[in-house]
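Here is the structure we will look at, set down as structure tokens.
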Amino acid sequence: MDDFNSETDSDYTSYWRDWFISSRGNEYFCEIDEEYLTDRFNLTGLNTEVQYYQHALDLVTDVFDFDCDDDMREAIEKSARHLYGLVHARYIVTTRGLAKMLEKFKKSDFGKCPRVLCEAQPLLPMGQSDVANTSPVKLYCARCEDLYNPKSSRHAIIDGAYFGTSFHNILFQVYPAMLPPKSQRRYEPRVFGFRVHAAASLARWQADEREKMKERLRVARIETGFEDEDEEDEDDLGEEDEEMELADAFESAVVQH
Ligand SMILES: [Zn+2]
């Protein structure tokens, strides 16, 4: 690849990102636009975070033209993957990036929630830190609002900072229709049909508290996003003293055990 501008070479060299995206284990990444990668403004600060920054950037943008031995080439390759990940975290919160990740979300490219009552809700990748090398990527379920480890070990080692702590929340802000309805359904432990006492009474207490909270929100006309699963109990709790209520309920829940 001496001359990047020649027809054949550019056909060959325009594939680093294609290759990266289609490599096994990189299914969580979307393709970053060329224009985004070549705008220095978007890469501000990354030169201090990536070794062999300029060579790595050249590789990612398919203008790599540096004669080096295999070890060096490997080191640059590693840096290029790290650079791509860091830029990826920035790119996926842009309009274009969000749209690309939304398509992947719709296809369940990030997997589905393993919780039975979430009924195969598609997941979104997220980081628990925006700092690289802190913690690996986790998967967020918007239905149960919990985090899961990726099933595949290939995915489980990806740096969480390549997705960041905000992306999954921004996606639902930009595309609110994608937010699944909150489910109140929860598993209730039973032994031969009878509720297992301690866990069940705590669950009932939590369910009670949730009802009260929903009622308060209803009175305050705040949209909760909860599915309407229960129209039957119409307690009039809105005007009572909230603190007393909570203390009483907690006490009775504790006494029951
Ligand atoms: Zn879930």
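Here, A, B, ... name the chains of the structure tokens in the order displayed, residue numbers run from 1 inside each chain, and ligands are numbered from 1 in the same displayed order.
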### Task
Once DSSP has gone over the backbone, tell me which residues of stretch 6-244 of chain A are in helix (DSSP H, G or I), as a PyMOL selection string.
chain A and resi 7-13+16-22+34-38+40-43+46-48+53-60+70-91+95-106+116-118+153-156+160-162+167-174+176-178+197-219+242-244
### Cut-off 7 Å, only C-alpha atoms and all ligand atoms, neighbours of ligand 1 as a ChimeraX atom specification
/A:113-115,118,121,141-146
### Message
Need to verify the contact set: A:Trp19, 12 Å, only C-alpha atoms, exclusion of same-chain residues closer than 6 positions in sequence. Can you return it as number ranges by chain?
### Response
A: 12-13, 25-27, 29-31, 59-60, 62, 81
### Task
Extract, using only C-alpha atoms, all DNA, RNA and protein residues at most 9 Å from A:Phe110, discarding same-chain residues fewer than 5 positions from it, and format them as a ChimeraX atom specification.
/A:27-28,104-105,122-125,139,150
#### Entry: Counting only C-alpha atoms, the option among A:Ser135, A:Ser201, A:Ile92, A:Ala207 closest to A:Ser166
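The closest residue to A:Ser166 is A:Ile92.
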### Query
In Å to one decimal, how far is atom CA of A:Glu77 from atom CA of A:Arg154?
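Distance reported for this atom pair: 17.9 Å.
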